[in-house]
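Colleague: Pasting in a structure now, in structure tokens, and then I'll have a few things to ask.
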Amino acid sequence: MENIVKTQDFFKTFCNNVLNSMSTEDFDKFAKLSNDRDRCEFVSNLTTVKSLNVTREKSVKNLDKALALKKEGNTAFQNKEWRKALDLYNQSYFITPNDQEGDLAVIFANRSAALYHMEKHDLALKDIARAIEANYPKEMRYKLKEREAKCFLAQEKHAEALQAFKNTITALDDANLPEEKFAKMERDAQIMIKMLTKTVEKCGNQKTKQKPKKGDVSQMHTSLTFDYNESEGRFAKASGDINVGETIVAELPHCSALLERSAQKHCHNCFSRFLAPICCTTCSDALFCSNDCRSIAMKSYHKYECGILPILWRSGTSIICHLSLRALAQRDVEYFLQIRDELRENGGDYPFEHRLKFSNSDYRKICNLFKVDVKNRSVNDLFQHTVMASFLTSCLKAGDYFGDHQDQDTYHEMGGFVLRTLQVLQFNTHEVFELQAGKTPLSPDRKTIFIGGALYPTVALFNHSCDPGVVRYFRGNRVFVHAIKNIKAGDIVAENYGPLYTQEDREQRRTTLKQIYFFDCMCIPCQENWPLFADMRNDFLRFRCEGKGDCGKVINVPVDTNDFMIRCVDCGEFTNLLKGLKAMQDIDVMNRTAERLHRAGNVDEAVRKYIEILKLMSDNLVPPFRDYVLCQQNIRDCLLEYGNRFVV
């Protein structure tokens, strides 16, 4: 058992071993336990679980291999293969021992050169600063100062470029250069200084404005509110009209974690895709887009996950398990011990208005999100979740999470927190995705790729509909939720948990939702049994009866009708179709314009035109119908362009 954590996908085997070691009497004892803390204590004391040996694993660093990779990078650089050189320098950096400061400085300097030629000037400047910080040789530093000046010049930051050229001349004093080369470099720098001095005097010393930092708060539409009833639980609704395209929520996650396959391409902290990452000072498993992101991670969760990530990835467990560990690792033991009695007293059932005041990083904001009641879980299911919680708690212990709190009571308390979190995340985790496409918005190879998971406390409160009212996209790990149709005051604001009415029939959708989320879907498409997209007729238009008494029945009218007044078979009143038929003619013209803008890559104008079309459809016709669905899809496609996007 001691070596099982060294094998691939070991958790399934480990769990089976634990299950096989259990007697009927043991299961009976477990079934009678009334809280998560006691369940974790029971499982943690099983002999099979005790034998699990989780220890931190050191990253493999190898200076010889690192230098060989750097040499390959230099060859690629000399051949002007800038991207290949960058990739090789990255690989060299990842496996260079941290105590080899001089080699790290050279790698950063070489990487900055590749980035400069790729016109990634901001990234090049950061690597120049890192090289100098790592004590890049003084006699070579003039190269970095000149490159720094050229980067600022390319960015039209004239004041910064002026100072950098002055610094170049100063750095030349330490250079061991032939007299002729020294004189040429000094002369070239002096020429640039004269030119830039005039430019700065003429334009003024304008400083670059700093972008405001995003705060740890949710941005919500003023008409978004939340309600509660026994059958639907807590859910989002509109207190006023929300128009198609409007932002409903922009939210940072309570916790987020990358998939292993994304960990070499995206920032471990914010999920931004990077070109020139920096790694954890101890391991090469966690890569970051910036010093700021690394600092955030190192001060919170990563100091406990360092050396544990390979075990988590190798275990074969889902992203939900990593998220559960992350939810605890980002706050220390003292924090959870402080809120323990508070949670015991009220079960985490804070007044909703009170919970909204908690920051997104506060565990109390997420501890009472929907989870299946224990009485509705099978003993076997709950037991397997508890085994998982015990494994994750042992990972925390191996990562020195418990510090001075080495007593068994604290260990089991934290195991209870892990188990509770696992049950919450099972039903509230969102897949964070990246749009991968060609250079144009309508590339045929467009697809969304799952890169990680996250828990969003506000968005988690949205209920399901097979005809969702929203579309989600992500910038890094921040979620943006936009209305995909006009939502009237009093309507539920719903997202989609997987099954869409356009793609699966009602029986399939309801079966899936019942199996995974334990509810019977009663959304309008399910109540009215809306047709699949493939079955929607294109030869009829769906008008709403305008008769007195708010009849509201749907009148199906052939597209080639010559009648402008149609009698409703239910109420007997006439409806004037002239306005609606004229609108459909206008929509045809507008749609051609929108598609042209979309193909040309003018996403801003295209989405505005599609939104205008959808509003016109909503005012005159009743969904579902093909053109309405297609227009919604076009709006989705446009909005996805504003999120994580990678050109393949």
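Quick note on naming: the chains in the structure tokens go A, B, ... in the order shown, residues restart at 1 in each chain, and ligands are numbered from 1 in order of appearance.
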Range 572-631 of chain A near range 495-505 of chain A within 10 Å: what's each residue's closest atom pair and its distance in Å to one decimal, counting only C-alpha atoms, ordered by chain then ascending residue number, as a Markdown table?
Modeller:
| residue | atom | partner | partner_atom | distance |
| --- | --- | --- | --- | --- |
| A:Pro624 | CA | A:Thr502 | CA | 9.2 |
| A:Arg626 | CA | A:Thr502 | CA | 9.7 |
| A:Val629 | CA | A:Thr502 | CA | 8.3 |
Colleague: Leaving out range 292-300 of chain A and any residue of its chain fewer than 6 positions from it, which residues lie within 9 Å of it when counting only C-alpha atoms, given as a ChimeraX atom specification?
Modeller: /A:267-270,278-281,286,329-332
Colleague: Would you export the selected residues with all heavy atoms as a JSON list (two decimals), in the first residue's frame, please?
Modeller:
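Result written to part.json:
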[["chain", "number", "residue", "atom", "x", "y", "z"],
["A", 267, "CYS", "N", -1.77, 30.23, -16.55],
["A", 267, "CYS", "CA", -1.33, 30.65, -15.21],
["A", 267, "CYS", "C", -2.06, 29.86, -14.15],
["A", 267, "CYS", "O", -3.29, 29.76, -14.16],
["A", 267, "CYS", "CB", -1.59, 32.15, -15.04],
["A", 267, "CYS", "SG", -1.18, 32.78, -13.40],
["A", 268, "HIS", "N", -1.30, 29.34, -13.21],
["A", 268, "HIS", "CA", -1.85, 28.52, -12.14],
["A", 268, "HIS", "C", -2.82, 29.31, -11.26],
["A", 268, "HIS", "O", -3.72, 28.73, -10.65],
["A", 268, "HIS", "CB", -0.68, 28.01, -11.28],
["A", 268, "HIS", "CG", -0.97, 26.82, -10.45],
["A", 268, "HIS", "ND1", -1.26, 25.59, -10.98],
["A", 268, "HIS", "CD2", -1.03, 26.66, -9.10],
["A", 268, "HIS", "CE1", -1.46, 24.73, -10.00],
["A", 268, "HIS", "NE2", -1.34, 25.35, -8.86],
["A", 269, "ASN", "N", -2.66, 30.63, -11.23],
["A", 269, "ASN", "CA", -3.49, 31.45, -10.35],
["A", 269, "ASN", "C", -4.68, 32.08, -11.07],
["A", 269, "ASN", "O", -5.81, 31.98, -10.60],
["A", 269, "ASN", "CB", -2.64, 32.56, -9.72],
["A", 269, "ASN", "CG", -3.42, 33.37, -8.71],
["A", 269, "ASN", "OD1", -3.87, 32.84, -7.69],
["A", 269, "ASN", "ND2", -3.61, 34.65, -8.98],
["A", 270, "CYS", "N", -4.46, 32.72, -12.20],
["A", 270, "CYS", "CA", -5.55, 33.47, -12.87],
["A", 270, "CYS", "C", -6.04, 32.83, -14.15],
["A", 270, "CYS", "O", -7.00, 33.31, -14.76],
["A", 270, "CYS", "CB", -5.11, 34.91, -13.13],
["A", 270, "CYS", "SG", -3.95, 35.09, -14.51],
["A", 278, "ILE", "N", 6.74, 32.20, -15.28],
["A", 278, "ILE", "CA", 7.70, 31.98, -14.21],
["A", 278, "ILE", "C", 7.14, 30.85, -13.34],
["A", 278, "ILE", "O", 5.93, 30.66, -13.29],
["A", 278, "ILE", "CB", 7.97, 33.24, -13.37],
["A", 278, "ILE", "CG1", 6.67, 33.80, -12.78],
["A", 278, "ILE", "CG2", 8.68, 34.28, -14.20],
["A", 278, "ILE", "CD1", 6.89, 34.93, -11.81],
["A", 279, "CYS", "N", 8.01, 30.11, -12.70],
["A", 279, "CYS", "CA", 7.52, 28.97, -11.92],
["A", 279, "CYS", "C", 7.69, 29.20, -10.43],
["A", 279, "CYS", "O", 8.33, 30.16, -10.00],
["A", 279, "CYS", "CB", 8.16, 27.65, -12.34],
["A", 279, "CYS", "SG", 9.91, 27.64, -12.61],
["A", 280, "CYS", "N", 7.04, 28.34, -9.69],
["A", 280, "CYS", "CA", 7.21, 28.31, -8.23],
["A", 280, "CYS", "C", 8.70, 28.24, -7.92],
["A", 280, "CYS", "O", 9.47, 27.63, -8.67],
["A", 280, "CYS", "CB", 6.46, 27.10, -7.68],
["A", 280, "CYS", "SG", 6.98, 26.58, -6.03],
["A", 281, "THR", "N", 9.11, 28.87, -6.84],
["A", 281, "THR", "CA", 10.53, 28.90, -6.50],
["A", 281, "THR", "C", 11.05, 27.54, -6.07],
["A", 281, "THR", "O", 12.27, 27.34, -5.97],
["A", 281, "THR", "CB", 10.77, 29.92, -5.36],
["A", 281, "THR", "OG1", 9.89, 29.61, -4.27],
["A", 281, "THR", "CG2", 10.49, 31.33, -5.82],
["A", 286, "ALA", "N", 3.78, 24.34, -10.86],
["A", 286, "ALA", "CA", 2.91, 25.51, -10.88],
["A", 286, "ALA", "C", 3.61, 26.64, -11.62],
["A", 286, "ALA", "O", 4.67, 27.11, -11.21],
["A", 286, "ALA", "CB", 2.58, 25.95, -9.45],
["A", 329, "ALA", "N", -7.05, 25.00, 1.22],
["A", 329, "ALA", "CA", -5.65, 25.41, 1.23],
["A", 329, "ALA", "C", -5.48, 26.92, 1.10],
["A", 329, "ALA", "O", -4.47, 27.47, 1.53],
["A", 329, "ALA", "CB", -4.90, 24.71, 0.10],
["A", 330, "GLN", "N", -6.48, 27.60, 0.51],
["A", 330, "GLN", "CA", -6.34, 29.05, 0.33],
["A", 330, "GLN", "C", -6.62, 29.84, 1.61],
["A", 330, "GLN", "O", -6.39, 31.04, 1.67],
["A", 330, "GLN", "CB", -7.24, 29.54, -0.80],
["A", 330, "GLN", "CG", -8.72, 29.36, -0.56],
["A", 330, "GLN", "CD", -9.53, 29.62, -1.82],
["A", 330, "GLN", "OE1", -9.01, 29.64, -2.94],
["A", 330, "GLN", "NE2", -10.81, 29.85, -1.66],
["A", 331, "ARG", "N", -7.12, 29.15, 2.67],
["A", 331, "ARG", "CA", -7.26, 29.76, 4.00],
["A", 331, "ARG", "C", -6.58, 28.85, 5.02],
["A", 331, "ARG", "O", -6.59, 27.62, 4.86],
["A", 331, "ARG", "CB", -8.74, 29.94, 4.37],
["A", 331, "ARG", "CG", -9.56, 30.73, 3.37],
["A", 331, "ARG", "CD", -9.10, 32.16, 3.23],
["A", 331, "ARG", "NE", -9.38, 32.97, 4.39],
["A", 331, "ARG", "CZ", -10.39, 33.83, 4.47],
["A", 331, "ARG", "NH1", -11.25, 33.98, 3.47],
["A", 331, "ARG", "NH2", -10.56, 34.57, 5.55],
["A", 332, "ASP", "N", -6.01, 29.43, 6.07],
["A", 332, "ASP", "CA", -5.26, 28.59, 7.02],
["A", 332, "ASP", "C", -6.19, 27.90, 8.02],
["A", 332, "ASP", "O", -7.40, 28.17, 8.09],
["A", 332, "ASP", "CB", -4.19, 29.40, 7.75],
["A", 332, "ASP", "CG", -4.76, 30.61, 8.49],
["A", 332, "ASP", "OD1", -5.93, 30.55, 8.92],
["A", 332, "ASP", "OD2", -4.03, 31.61, 8.63]]
Colleague: Go through A:Glu546, A:Asn291, A:Ala161, A:Glu179 one by one, measure the shortest atom-to-atom distance of each to Ile193 in chain A using only C-alpha atoms, and give the residue with the smallest value.
Modeller: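 Under the stated criterion, the closest residue is A:Ala161.
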Colleague: Which value, in Å to one decimal, gives the distance between CA of Lys65 in chain A and CA of Tyr93 in chain A?
Modeller: 10.3 Å
Colleague: Would you mind listing what lies within 10 Å of Asp103 in chain A as a ChimeraX atom specification, with only C-alpha atoms counted and same-chain residues fewer than 5 positions away left out?
Modeller: /A:63,66-67,70,92-93,96-98,108-109,131,134-136
Colleague: Which of range 163-261 of chain A counts as strand (DSSP E) under DSSP, as a PyMOL selection string please?
Modeller: chain A and resi 219-220+224-229+233-238+247-251+255-258
Colleague: Tell me, as a ChimeraX atom specification, which residues lie within 9 Å of Leu275 in chain A, counting only C-alpha atoms; anything in the same chain fewer than 3 positions away does not count.
Modeller: /A:86-87,90,115,123,265,289
